[in-house]
>>> print(open('query-v4.cif').read())   # mmCIF, C-alpha atoms
data_target
loop_
_atom_site.label_atom_id
_atom_site.label_comp_id
_atom_site.auth_asym_id
_atom_site.auth_seq_id
_atom_site.Cartn_x
_atom_site.Cartn_y
_atom_site.Cartn_z
CA MET A 1 9.83 -26.73 0.99
CA ALA A 2 9.96 -23.38 2.76
CA ALA A 3 12.88 -22.43 4.95
CA VAL A 4 11.66 -21.87 8.51
CA VAL A 5 13.06 -19.21 10.85
CA ASP A 6 11.76 -19.02 14.42
CA LEU A 7 12.30 -15.54 15.84
CA GLY A 8 11.82 -17.01 19.28
CA ILE A 9 15.22 -18.62 18.72
CA THR A 10 16.93 -16.74 15.88
CA PRO A 11 17.76 -13.03 16.34
CA LEU A 12 15.86 -10.69 14.03
CA ARG A 13 19.11 -9.20 12.72
CA ALA A 14 20.22 -12.68 11.61
CA LEU A 15 16.96 -13.20 9.73
CA ASN A 16 17.24 -9.90 7.89
CA GLU A 17 20.91 -10.46 7.07
CA THR A 18 20.05 -13.87 5.61
CA LEU A 19 17.23 -12.43 3.50
CA HIS A 20 19.44 -9.54 2.33
CA ALA A 21 22.02 -12.03 1.07
CA LEU A 22 19.49 -13.55 -1.37
CA SER A 23 19.64 -12.44 -5.01
CA ASP A 24 18.00 -13.10 -8.36
CA GLY A 25 18.19 -16.79 -9.25
CA THR A 26 18.21 -18.01 -5.66
CA ASN A 27 16.71 -21.43 -5.00
CA GLU A 28 15.62 -20.34 -1.53
CA THR A 29 12.44 -18.63 -2.65
CA GLU A 30 9.99 -19.63 0.12
CA TRP A 31 10.37 -18.55 3.75
CA ASP A 32 8.27 -18.98 6.87
CA VAL A 33 8.96 -16.65 9.81
CA LEU A 34 7.53 -17.88 13.11
CA ASN A 35 6.86 -16.03 16.37
CA PRO A 36 7.40 -12.44 15.22
CA GLU A 37 5.59 -11.31 18.41
CA GLY A 38 5.34 -7.68 17.34
CA ARG A 39 9.01 -7.21 16.53
CA HIS A 40 9.94 -4.15 14.50
CA ALA A 41 11.53 -4.07 11.03
CA VAL A 42 10.78 -7.68 10.11
CA ALA A 43 11.75 -8.51 6.51
CA VAL A 44 12.89 -4.99 5.64
CA GLY A 45 14.97 -4.03 2.63
CA LEU A 46 14.46 -7.21 0.64
CA ASP A 47 15.68 -7.20 -2.97
CA ALA A 48 15.05 -10.65 -4.41
CA PRO A 49 12.04 -12.48 -5.95
CA VAL A 50 11.22 -14.46 -2.83
CA THR A 51 8.07 -15.00 -0.76
CA VAL A 52 8.16 -14.49 3.00
CA HIS A 53 5.24 -15.53 5.20
CA VAL A 54 5.35 -13.88 8.62
CA ARG A 55 3.18 -15.99 10.92
CA GLY A 56 1.89 -13.49 13.44
CA PRO A 57 1.65 -9.78 14.25
CA VAL A 58 4.52 -7.39 13.57
CA GLY A 59 5.56 -3.96 14.86
CA TYR A 60 6.95 -0.91 13.08
CA TYR A 61 8.15 -0.83 9.46
CA CYS A 62 7.56 -4.44 8.41
CA ALA A 63 8.58 -4.94 4.75
CA GLY A 64 9.87 -1.39 4.52
CA MET A 65 11.84 -0.55 1.37
CA ASN A 66 10.65 -3.78 -0.21
CA LYS A 67 11.87 -4.54 -3.72
CA GLN A 68 10.82 -7.61 -5.77
CA ALA A 69 9.76 -9.72 -2.78
CA THR A 70 6.31 -10.82 -1.67
CA VAL A 71 5.80 -10.42 2.08
CA VAL A 72 2.61 -11.76 3.68
CA VAL A 73 1.83 -10.86 7.30
CA HIS A 74 -0.57 -13.37 8.85
CA GLY A 75 -1.72 -10.95 11.53
CA SER A 76 -1.84 -7.21 12.08
CA ALA A 77 0.97 -4.75 11.44
CA GLY A 78 2.26 -1.69 13.27
CA PRO A 79 3.08 1.77 11.88
CA GLY A 80 4.95 2.25 8.62
CA THR A 81 4.21 -1.09 6.98
CA ALA A 82 5.77 -1.20 3.49
CA GLU A 83 7.16 2.31 3.91
CA ASN A 84 9.12 3.46 0.85
CA MET A 85 8.23 0.26 -0.99
CA MET A 86 9.80 0.11 -4.45
CA SER A 87 8.26 -2.99 -6.06
CA GLY A 88 6.90 -6.42 -5.21
CA ARG A 89 3.87 -7.13 -3.06
CA VAL A 90 3.03 -6.81 0.63
CA VAL A 91 -0.15 -8.32 2.09
CA VAL A 92 -1.42 -7.74 5.63
CA LYS A 93 -4.07 -10.27 6.59
CA GLY A 94 -5.18 -8.20 9.58
CA ASP A 95 -5.26 -4.47 10.31
CA ALA A 96 -2.47 -1.97 9.69
CA SER A 97 -1.56 0.98 11.91
CA GLN A 98 -0.58 4.50 10.89
CA TYR A 99 1.03 5.58 7.60
CA ALA A 100 0.91 2.22 5.84
CA GLY A 101 2.58 2.48 2.45
CA ALA A 102 4.05 5.90 3.23
CA THR A 103 6.21 7.33 0.41
CA GLY A 104 5.83 4.08 -1.54
CA ARG A 105 7.19 4.30 -5.07
CA GLY A 106 5.94 1.05 -6.63
CA GLY A 107 4.52 -2.41 -6.08
CA MET A 108 1.24 -3.24 -4.37
CA LEU A 109 0.22 -3.15 -0.70
CA VAL A 110 -2.96 -5.05 0.19
CA ILE A 111 -4.49 -4.63 3.65
CA GLU A 112 -7.29 -7.10 4.23
CA GLY A 113 -8.48 -5.40 7.41
CA ASN A 114 -8.57 -1.69 8.27
CA ALA A 115 -5.83 0.91 7.99
CA SER A 116 -5.31 3.72 10.50
CA SER A 117 -4.51 7.37 9.86
CA ARG A 118 -2.27 8.70 7.07
CA CYS A 119 -2.50 5.58 4.93
CA GLY A 120 -0.55 6.30 1.74
CA ILE A 121 0.91 9.59 2.97
CA SER A 122 3.18 11.09 0.29
CA MET A 123 2.75 8.02 -1.92
CA LYS A 124 4.82 8.24 -5.08
CA GLY A 125 3.62 5.45 -7.37
CA ILE A 126 2.58 2.60 -5.08
CA ASP A 127 -0.81 0.89 -5.42
CA ILE A 128 -2.61 0.41 -2.09
CA LEU A 129 -5.83 -1.54 -1.62
CA VAL A 130 -7.62 -1.64 1.74
CA ARG A 131 -10.56 -3.99 2.14
CA GLY A 132 -11.78 -2.22 5.29
CA ASN A 133 -11.74 1.43 6.36
CA ILE A 134 -8.96 4.02 6.46
CA GLY A 135 -8.34 6.74 9.03
CA HIS A 136 -7.93 10.50 8.83
CA MET A 137 -5.43 12.35 6.63
CA SER A 138 -4.96 9.38 4.33
CA ALA A 139 -3.21 10.14 1.02
CA PHE A 140 -1.93 13.44 2.45
CA MET A 141 0.36 15.00 -0.18
CA ALA A 142 -0.04 11.86 -2.31
CA GLN A 143 1.93 12.45 -5.50
CA SER A 144 1.16 9.47 -7.75
CA GLY A 145 -0.18 5.94 -7.62
CA ASN A 146 -3.57 4.57 -6.62
CA LEU A 147 -5.38 4.14 -3.30
CA VAL A 148 -8.43 1.85 -3.38
CA VAL A 149 -10.67 1.63 -0.29
CA LEU A 150 -13.56 -0.82 -0.12
CA GLY A 151 -14.83 0.65 3.15
CA ASP A 152 -15.05 4.22 4.47
CA ALA A 153 -12.48 7.02 4.66
CA GLY A 154 -11.93 9.36 7.62
CA ASP A 155 -11.46 13.12 7.78
CA ALA A 156 -9.33 15.15 5.34
CA LEU A 157 -8.90 12.51 2.66
CA GLY A 158 -6.31 13.55 0.10
CA ASP A 159 -5.30 16.77 1.82
CA SER A 160 -2.85 18.72 -0.39
CA ILE A 161 -2.92 15.90 -2.93
CA TYR A 162 -0.97 16.05 -6.18
CA GLU A 163 -1.81 13.50 -8.90
CA ALA A 164 -2.56 10.24 -7.08
CA ARG A 165 -5.93 8.64 -7.79
CA LEU A 166 -8.24 7.72 -4.91
CA PHE A 167 -11.13 5.26 -5.26
CA VAL A 168 -13.50 4.86 -2.30
CA ARG A 169 -16.46 2.50 -2.19
CA GLY A 170 -17.90 3.69 1.12
CA THR A 171 -18.44 7.11 2.62
CA VAL A 172 -15.83 9.86 2.98
CA LYS A 173 -16.10 11.81 6.24
CA SER A 174 -14.48 14.88 4.69
CA LEU A 175 -12.08 15.87 1.92
CA GLY A 176 -8.83 17.67 2.61
CA ALA A 177 -7.56 20.86 1.01
CA ASP A 178 -7.59 20.78 -2.79
CA CYS A 179 -9.13 17.28 -2.96
CA ILE A 180 -12.38 16.96 -4.91
CA GLU A 181 -14.62 14.22 -6.27
CA LYS A 182 -13.92 13.51 -9.94
CA GLU A 183 -15.71 11.78 -12.78
CA MET A 184 -15.23 8.03 -13.18
CA ARG A 185 -14.41 7.82 -16.87
CA PRO A 186 -14.07 4.50 -18.76
CA GLU A 187 -10.30 4.49 -18.34
CA HIS A 188 -10.71 4.79 -14.58
CA HIS A 189 -13.12 1.86 -14.49
CA ASP A 190 -10.55 -0.16 -16.46
CA LEU A 191 -7.74 0.88 -14.12
CA LEU A 192 -9.77 0.08 -11.03
CA ALA A 193 -10.86 -3.30 -12.41
CA ASP A 194 -7.20 -4.18 -12.98
CA LEU A 195 -6.24 -3.14 -9.44
CA LEU A 196 -9.09 -5.16 -7.92
CA GLU A 197 -8.08 -8.20 -9.94
CA LYS A 198 -4.44 -7.88 -8.90
CA ALA A 199 -5.52 -7.69 -5.26
CA GLY A 200 -7.74 -10.75 -5.60
CA VAL A 201 -10.97 -8.83 -5.05
CA THR A 202 -13.78 -10.39 -7.06
CA ASP A 203 -16.91 -9.52 -5.08
CA VAL A 204 -17.32 -5.80 -5.91
CA LYS A 205 -17.97 -3.76 -9.05
CA THR A 206 -16.13 -0.66 -10.19
CA SER A 207 -19.47 1.14 -10.47
CA GLU A 208 -19.71 1.07 -6.66
CA PHE A 209 -16.72 3.40 -6.26
CA ARG A 210 -16.23 7.16 -6.42
CA ARG A 211 -12.99 8.77 -7.58
CA TYR A 212 -11.21 11.63 -5.83
CA GLY A 213 -8.18 13.65 -6.83
CA SER A 214 -6.54 17.04 -7.02
CA ALA A 215 -8.36 20.24 -7.91
CA ARG A 216 -4.91 21.55 -8.91
CA LYS A 217 -5.28 24.83 -7.08
CA LEU A 218 -2.37 24.54 -4.64
CA TYR A 219 0.49 24.04 -7.08
CA THR A 220 1.52 25.07 -10.58
CA PHE A 221 -0.21 22.71 -12.99
CA ASP A 222 1.03 22.43 -16.58
CA ILE A 223 -1.98 21.98 -18.87
CA ASP A 224 0.30 20.48 -21.54
CA ASN A 225 0.55 17.36 -19.36
CA ALA A 226 -3.19 17.04 -18.73
CA ASP A 227 -3.48 13.83 -20.76
CA ALA A 228 -1.16 12.10 -18.31
CA TYR A 229 -3.77 12.45 -15.58
#
>>> encode(input="query-v4.cif", output="C-alpha cells")
Amino acid sequence: MAAVVDLGITPLRALNETLHALSDGTNETEWDVLNPEGRHAVAVGLDAPVTVHVRGPVGYYCAGMNKQATVVVHGSAGPGTAENMMSGRVVVKGDASQYAGATGRGGMLVIEGNASSRCGISMKGIDILVRGNIGHMSAFMAQSGNLVVLGDAGDALGDSIYEARLFVRGTVKSLGADCIEKEMRPEHHDLLADLLEKAGVTDVKTSEFRRYGSARKLYTFDIDNADAY
C-alpha cells in the first residue's frame, strides 16, 4: 500500500526530507502526494528506486535532479520540470511549461500533453518524449540525448545544437542556427522505436518522423569520432 502525504496538511519541506531519507532497499517504494496545488520543487533531488504519484498540478522544478526514482505528475507542471535529471523516469500527464528537462543528463522525461519553449535546452544525455507540441528554441545548445516530438515544433528548433538527436513527427516552424534535417538511417529507426516503446507509445510508426541534428559548422568537429554520431 502506498504511503500518502497530503500537502494540505504536511509541509513540503517535510515531504522532501522524508523522500531524501529513502535509500536502495527501502520497503517504502510507493508514495501518493495529495493536494500539491502548484507548489514548487515537489519531489526534488530523489535518489532511491521509488515511485511517487503527485495527484495534481505542480509549480517550478518538480522532480528536478531526479535519480533512480519514478515521478508521475497527474496534472500539468510549471517551468523546469525534471531539470538536471540524472536517471529514472518522470511523467507529466498534462502540459509542461518552459525548459522541461533542461540540462538533463540521463533517464526519461515523458510529457503527455504539450511542452512550452526551450524544452530540452542544453540537454546532456536525457531522453525526452512529448506527445503534443513543443515551443520555440527547444533543444537550444542540446549536447546529447534524444528529443522525440509527436506533434509540431516551434521556431528555432535545435539552435546551436551539438550532438543531440531530434525526431519530430509534425511540422517544424523553423530550424535554429546550425540545425539541419538529417537522413533517417536504419539505426535511427531502431533507436526511435526503442524510445517510443519505453514511453508507452504504440500508435505511431518511426517512418512518420523526420530527424534533425547538427550541421557541425559552429564548433570544432573531430571526424575521427564520426561513428559515434
>>> residues_around(input="query-v4.cif", residues="segment 91-102 of chain A", least_positions_apart="5", cutoff="6 Å", atoms="only C-alpha atoms", output="list in words")
Val72, Val73, His74, Gly75, Ser76, Ala77, Gly78, Pro79, Gly80, Thr81, Ala82, Glu83, Leu109, Val110, Ile111, Glu112, Gly113, Asn114, Ala115, Ser116, Ser117, Arg118, Cys119, Gly120, Ile121 and Met123 of chain A
>>> write_last_selection(input="query-v4.cif", atoms="C-alpha atoms", output="compact mmCIF listing (two decimals), in the frame of the given file")
# COMPACT_ATOMS: atom_id res chain seq x y z
CA VAL A 72 2.61 -11.76 3.68
CA VAL A 73 1.83 -10.86 7.30
CA HIS A 74 -0.57 -13.37 8.85
CA GLY A 75 -1.72 -10.95 11.53
CA SER A 76 -1.84 -7.21 12.08
CA ALA A 77 0.97 -4.75 11.44
CA GLY A 78 2.26 -1.69 13.27
CA PRO A 79 3.08 1.77 11.88
CA GLY A 80 4.95 2.25 8.62
CA THR A 81 4.21 -1.09 6.98
CA ALA A 82 5.77 -1.20 3.49
CA GLU A 83 7.16 2.31 3.91
CA LEU A 109 0.22 -3.15 -0.70
CA VAL A 110 -2.96 -5.05 0.19
CA ILE A 111 -4.49 -4.63 3.65
CA GLU A 112 -7.29 -7.10 4.23
CA GLY A 113 -8.48 -5.40 7.41
CA ASN A 114 -8.57 -1.69 8.27
CA ALA A 115 -5.83 0.91 7.99
CA SER A 116 -5.31 3.72 10.50
CA SER A 117 -4.51 7.37 9.86
CA ARG A 118 -2.27 8.70 7.07
CA CYS A 119 -2.50 5.58 4.93
CA GLY A 120 -0.55 6.30 1.74
CA ILE A 121 0.91 9.59 2.97
CA MET A 123 2.75 8.02 -1.92
>>> resolve_selection(input="query-v4.cif", expression="the PyMOL selection byres ((chain A and resi 134-150) around 9)", output="number ranges by chain")
A: 98-99, 102-106, 114-133, 151-170, 173-176, 192, 195-196, 204, 209
>>> write_last_selection(input="query-v4.cif", atoms="C-alpha atoms", output="PDB file, in the coordinates of the input")
ATOM      1  CA  GLN A  98      -0.580   4.500  10.890  1.00  0.00           C
ATOM      2  CA  TYR A  99       1.030   5.580   7.600  1.00  0.00           C
ATOM      3  CA  ALA A 102       4.050   5.900   3.230  1.00  0.00           C
ATOM      4  CA  THR A 103       6.210   7.330   0.410  1.00  0.00           C
ATOM      5  CA  GLY A 104       5.830   4.080  -1.540  1.00  0.00           C
ATOM      6  CA  ARG A 105       7.190   4.300  -5.070  1.00  0.00           C
ATOM      7  CA  GLY A 106       5.940   1.050  -6.630  1.00  0.00           C
ATOM      8  CA  ASN A 114      -8.570  -1.690   8.270  1.00  0.00           C
ATOM      9  CA  ALA A 115      -5.830   0.910   7.990  1.00  0.00           C
ATOM     10  CA  SER A 116      -5.310   3.720  10.500  1.00  0.00           C
ATOM     11  CA  SER A 117      -4.510   7.370   9.860  1.00  0.00           C
ATOM     12  CA  ARG A 118      -2.270   8.700   7.070  1.00  0.00           C
ATOM     13  CA  CYS A 119      -2.500   5.580   4.930  1.00  0.00           C
ATOM     14  CA  GLY A 120      -0.550   6.300   1.740  1.00  0.00           C
ATOM     15  CA  ILE A 121       0.910   9.590   2.970  1.00  0.00           C
ATOM     16  CA  SER A 122       3.180  11.090   0.290  1.00  0.00           C
ATOM     17  CA  MET A 123       2.750   8.020  -1.920  1.00  0.00           C
ATOM     18  CA  LYS A 124       4.820   8.240  -5.080  1.00  0.00           C
ATOM     19  CA  GLY A 125       3.620   5.450  -7.370  1.00  0.00           C
ATOM     20  CA  ILE A 126       2.580   2.600  -5.080  1.00  0.00           C
ATOM     21  CA  ASP A 127      -0.810   0.890  -5.420  1.00  0.00           C
ATOM     22  CA  ILE A 128      -2.610   0.410  -2.090  1.00  0.00           C
ATOM     23  CA  LEU A 129      -5.830  -1.540  -1.620  1.00  0.00           C
ATOM     24  CA  VAL A 130      -7.620  -1.640   1.740  1.00  0.00           C
ATOM     25  CA  ARG A 131     -10.560  -3.990   2.140  1.00  0.00           C
ATOM     26  CA  GLY A 132     -11.780  -2.220   5.290  1.00  0.00           C
ATOM     27  CA  ASN A 133     -11.740   1.430   6.360  1.00  0.00           C
ATOM     28  CA  GLY A 151     -14.830   0.650   3.150  1.00  0.00           C
ATOM     29  CA  ASP A 152     -15.050   4.220   4.470  1.00  0.00           C
ATOM     30  CA  ALA A 153     -12.480   7.020   4.660  1.00  0.00           C
ATOM     31  CA  GLY A 154     -11.930   9.360   7.620  1.00  0.00           C
ATOM     32  CA  ASP A 155     -11.460  13.120   7.780  1.00  0.00           C
ATOM     33  CA  ALA A 156      -9.330  15.150   5.340  1.00  0.00           C
ATOM     34  CA  LEU A 157      -8.900  12.510   2.660  1.00  0.00           C
ATOM     35  CA  GLY A 158      -6.310  13.550   0.100  1.00  0.00           C
ATOM     36  CA  ASP A 159      -5.300  16.770   1.820  1.00  0.00           C
ATOM     37  CA  SER A 160      -2.850  18.720  -0.390  1.00  0.00           C
ATOM     38  CA  ILE A 161      -2.920  15.900  -2.930  1.00  0.00           C
ATOM     39  CA  TYR A 162      -0.970  16.050  -6.180  1.00  0.00           C
ATOM     40  CA  GLU A 163      -1.810  13.500  -8.900  1.00  0.00           C
ATOM     41  CA  ALA A 164      -2.560  10.240  -7.080  1.00  0.00           C
ATOM     42  CA  ARG A 165      -5.930   8.640  -7.790  1.00  0.00           C
ATOM     43  CA  LEU A 166      -8.240   7.720  -4.910  1.00  0.00           C
ATOM     44  CA  PHE A 167     -11.130   5.260  -5.260  1.00  0.00           C
ATOM     45  CA  VAL A 168     -13.500   4.860  -2.300  1.00  0.00           C
ATOM     46  CA  ARG A 169     -16.460   2.500  -2.190  1.00  0.00           C
ATOM     47  CA  GLY A 170     -17.900   3.690   1.120  1.00  0.00           C
ATOM     48  CA  LYS A 173     -16.100  11.810   6.240  1.00  0.00           C
ATOM     49  CA  SER A 174     -14.480  14.880   4.690  1.00  0.00           C
ATOM     50  CA  LEU A 175     -12.080  15.870   1.920  1.00  0.00           C
ATOM     51  CA  GLY A 176      -8.830  17.670   2.610  1.00  0.00           C
ATOM     52  CA  LEU A 192      -9.770   0.080 -11.030  1.00  0.00           C
ATOM     53  CA  LEU A 195      -6.240  -3.140  -9.440  1.00  0.00           C
ATOM     54  CA  LEU A 196      -9.090  -5.160  -7.920  1.00  0.00           C
ATOM     55  CA  VAL A 204     -17.320  -5.800  -5.910  1.00  0.00           C
ATOM     56  CA  PHE A 209     -16.720   3.400  -6.260  1.00  0.00           C
TER      57      PHE A 209
END
>>> residues_around(input="query-v4.cif", residues="Val44 of chain A", least_positions_apart="6", cutoff="9 Å", atoms="only C-alpha atoms", output="list in words")
Asn16, Leu19, His20, Tyr61, Cys62, Ala63, Gly64, Met65, Asn66 and Ala82 of chain A
>>> resolve_selection(input="query-v4.cif", expression="the PyMOL selection byres ((chain A and resi 29) around 8)", output="PDB file with C-alpha atoms, keeping the file's coordinate frame")
ATOM      1  CA  ALA A   2       9.960 -23.380   2.760  1.00  0.00           C
ATOM      2  CA  THR A  26      18.210 -18.010  -5.660  1.00  0.00           C
ATOM      3  CA  ASN A  27      16.710 -21.430  -5.000  1.00  0.00           C
ATOM      4  CA  GLU A  28      15.620 -20.340  -1.530  1.00  0.00           C
ATOM      5  CA  GLU A  30       9.990 -19.630   0.120  1.00  0.00           C
ATOM      6  CA  TRP A  31      10.370 -18.550   3.750  1.00  0.00           C
ATOM      7  CA  PRO A  49      12.040 -12.480  -5.950  1.00  0.00           C
ATOM      8  CA  VAL A  50      11.220 -14.460  -2.830  1.00  0.00           C
ATOM      9  CA  THR A  51       8.070 -15.000  -0.760  1.00  0.00           C
TER      10      THR A  51
END
>>> closest_residue(input="query-v4.cif", among="A:Asn35, A:Ser23, A:Thr206, A:Thr70", to="Glu187 of chain A", atoms="all atoms listed in the file")
A:Thr206
>>> atom_distance(input="query-v4.cif", atom1="atom CA of Gly59 of chain A", atom2="atom CA of His40 of chain A")
4.4 Å
>>> atom_distance(input="query-v4.cif", atom1="atom CA of Ile9 of chain A", atom2="atom CA of Arg39 of chain A")
13.2 Å
>>> atom_distance(input="query-v4.cif", atom1="atom CA of Gly45 of chain A", atom2="atom CA of Lys67 of chain A")
7.1 Å
>>> axis_aligned_box(input="query-v4.cif", around="segment 46-63 of chain A", padding_each_side="5 Å", output="lines of an AutoDock Vina configuration file")
center_x = 8.7
center_y = -8.4
center_z = 4.5
size_x = 24.0
size_y = 25.2
size_z = 30.8
>>> closest_residue(input="query-v4.cif", among="A:Ala177, A:Met184, A:Ser207, A:Val58", to="Tyr219 of chain A", atoms="all atoms listed in the file")
A:Ala177
>>> build_atoms(input="query-v4.cif", residues="segment 89-98 of chain A", atoms="all heavy atoms", output="mmCIF file, keeping the file's coordinate frame")
data_model
loop_
_atom_site.group_PDB
_atom_site.id
_atom_site.type_symbol
_atom_site.label_atom_id
_atom_site.label_comp_id
_atom_site.auth_asym_id
_atom_site.auth_seq_id
_atom_site.Cartn_x
_atom_site.Cartn_y
_atom_site.Cartn_z
ATOM 1 N N ARG A 89 5.223 -7.041 -3.603
ATOM 2 C CA ARG A 89 3.870 -7.130 -3.060
ATOM 3 C C ARG A 89 3.949 -7.359 -1.553
ATOM 4 O O ARG A 89 4.722 -8.196 -1.085
ATOM 5 C CB ARG A 89 3.130 -8.292 -3.725
ATOM 6 C CG ARG A 89 1.663 -8.466 -3.350
ATOM 7 C CD ARG A 89 1.110 -9.688 -4.091
ATOM 8 N NE ARG A 89 -0.297 -9.902 -3.851
ATOM 9 C CZ ARG A 89 -1.274 -9.403 -4.590
ATOM 10 N NH1 ARG A 89 -0.979 -8.652 -5.636
ATOM 11 N NH2 ARG A 89 -2.537 -9.654 -4.321
ATOM 12 N N VAL A 90 3.138 -6.614 -0.815
ATOM 13 C CA VAL A 90 3.030 -6.810 0.630
ATOM 14 C C VAL A 90 1.551 -6.981 0.967
ATOM 15 O O VAL A 90 0.718 -6.188 0.526
ATOM 16 C CB VAL A 90 3.619 -5.613 1.414
ATOM 17 C CG1 VAL A 90 3.386 -5.793 2.913
ATOM 18 C CG2 VAL A 90 5.112 -5.465 1.114
ATOM 19 N N VAL A 91 1.235 -8.024 1.707
ATOM 20 C CA VAL A 91 -0.150 -8.320 2.090
ATOM 21 C C VAL A 91 -0.224 -8.405 3.610
ATOM 22 O O VAL A 91 0.561 -9.134 4.230
ATOM 23 C CB VAL A 91 -0.636 -9.634 1.470
ATOM 24 C CG1 VAL A 91 -2.080 -9.930 1.906
ATOM 25 C CG2 VAL A 91 -0.542 -9.599 -0.045
ATOM 26 N N VAL A 92 -1.158 -7.667 4.189
ATOM 27 C CA VAL A 92 -1.420 -7.740 5.630
ATOM 28 C C VAL A 92 -2.779 -8.381 5.818
ATOM 29 O O VAL A 92 -3.796 -7.824 5.389
ATOM 30 C CB VAL A 92 -1.386 -6.343 6.285
ATOM 31 C CG1 VAL A 92 -1.690 -6.457 7.780
ATOM 32 C CG2 VAL A 92 -0.028 -5.680 6.064
ATOM 33 N N LYS A 93 -2.809 -9.546 6.436
ATOM 34 C CA LYS A 93 -4.070 -10.270 6.590
ATOM 35 C C LYS A 93 -4.975 -9.646 7.652
ATOM 36 O O LYS A 93 -6.186 -9.881 7.646
ATOM 37 C CB LYS A 93 -3.775 -11.727 6.967
ATOM 38 C CG LYS A 93 -3.071 -12.529 5.873
ATOM 39 C CD LYS A 93 -3.993 -12.771 4.703
ATOM 40 C CE LYS A 93 -3.390 -13.723 3.689
ATOM 41 N NZ LYS A 93 -4.306 -13.980 2.549
ATOM 42 N N GLY A 94 -4.394 -8.869 8.549
ATOM 43 C CA GLY A 94 -5.180 -8.200 9.580
ATOM 44 C C GLY A 94 -5.280 -6.712 9.329
ATOM 45 O O GLY A 94 -5.404 -6.261 8.185
ATOM 46 N N ASP A 95 -5.208 -5.926 10.408
ATOM 47 C CA ASP A 95 -5.260 -4.470 10.310
ATOM 48 C C ASP A 95 -3.840 -3.896 10.229
ATOM 49 O O ASP A 95 -2.869 -4.536 10.639
ATOM 50 C CB ASP A 95 -5.960 -3.873 11.540
ATOM 51 C CG ASP A 95 -7.400 -4.326 11.665
ATOM 52 O OD1 ASP A 95 -8.059 -4.505 10.621
ATOM 53 O OD2 ASP A 95 -7.877 -4.509 12.808
ATOM 54 N N ALA A 96 -3.750 -2.670 9.737
ATOM 55 C CA ALA A 96 -2.470 -1.970 9.690
ATOM 56 C C ALA A 96 -2.594 -0.647 10.435
ATOM 57 O O ALA A 96 -3.628 0.023 10.352
ATOM 58 C CB ALA A 96 -2.041 -1.707 8.249
ATOM 59 N N SER A 97 -1.543 -0.262 11.141
ATOM 60 C CA SER A 97 -1.560 0.980 11.910
ATOM 61 C C SER A 97 -1.241 2.159 11.003
ATOM 62 O O SER A 97 -1.421 2.103 9.797
ATOM 63 C CB SER A 97 -0.555 0.877 13.065
ATOM 64 O OG SER A 97 -0.708 1.966 13.954
ATOM 65 N N GLN A 98 -0.750 3.230 11.599
ATOM 66 C CA GLN A 98 -0.580 4.500 10.890
ATOM 67 C C GLN A 98 0.404 4.417 9.716
ATOM 68 O O GLN A 98 1.307 3.611 9.705
ATOM 69 C CB GLN A 98 -0.059 5.558 11.861
ATOM 70 C CG GLN A 98 -0.938 5.781 13.078
ATOM 71 C CD GLN A 98 -0.297 6.751 14.036
ATOM 72 O OE1 GLN A 98 -0.368 7.960 13.830
ATOM 73 N NE2 GLN A 98 0.349 6.242 15.059
#
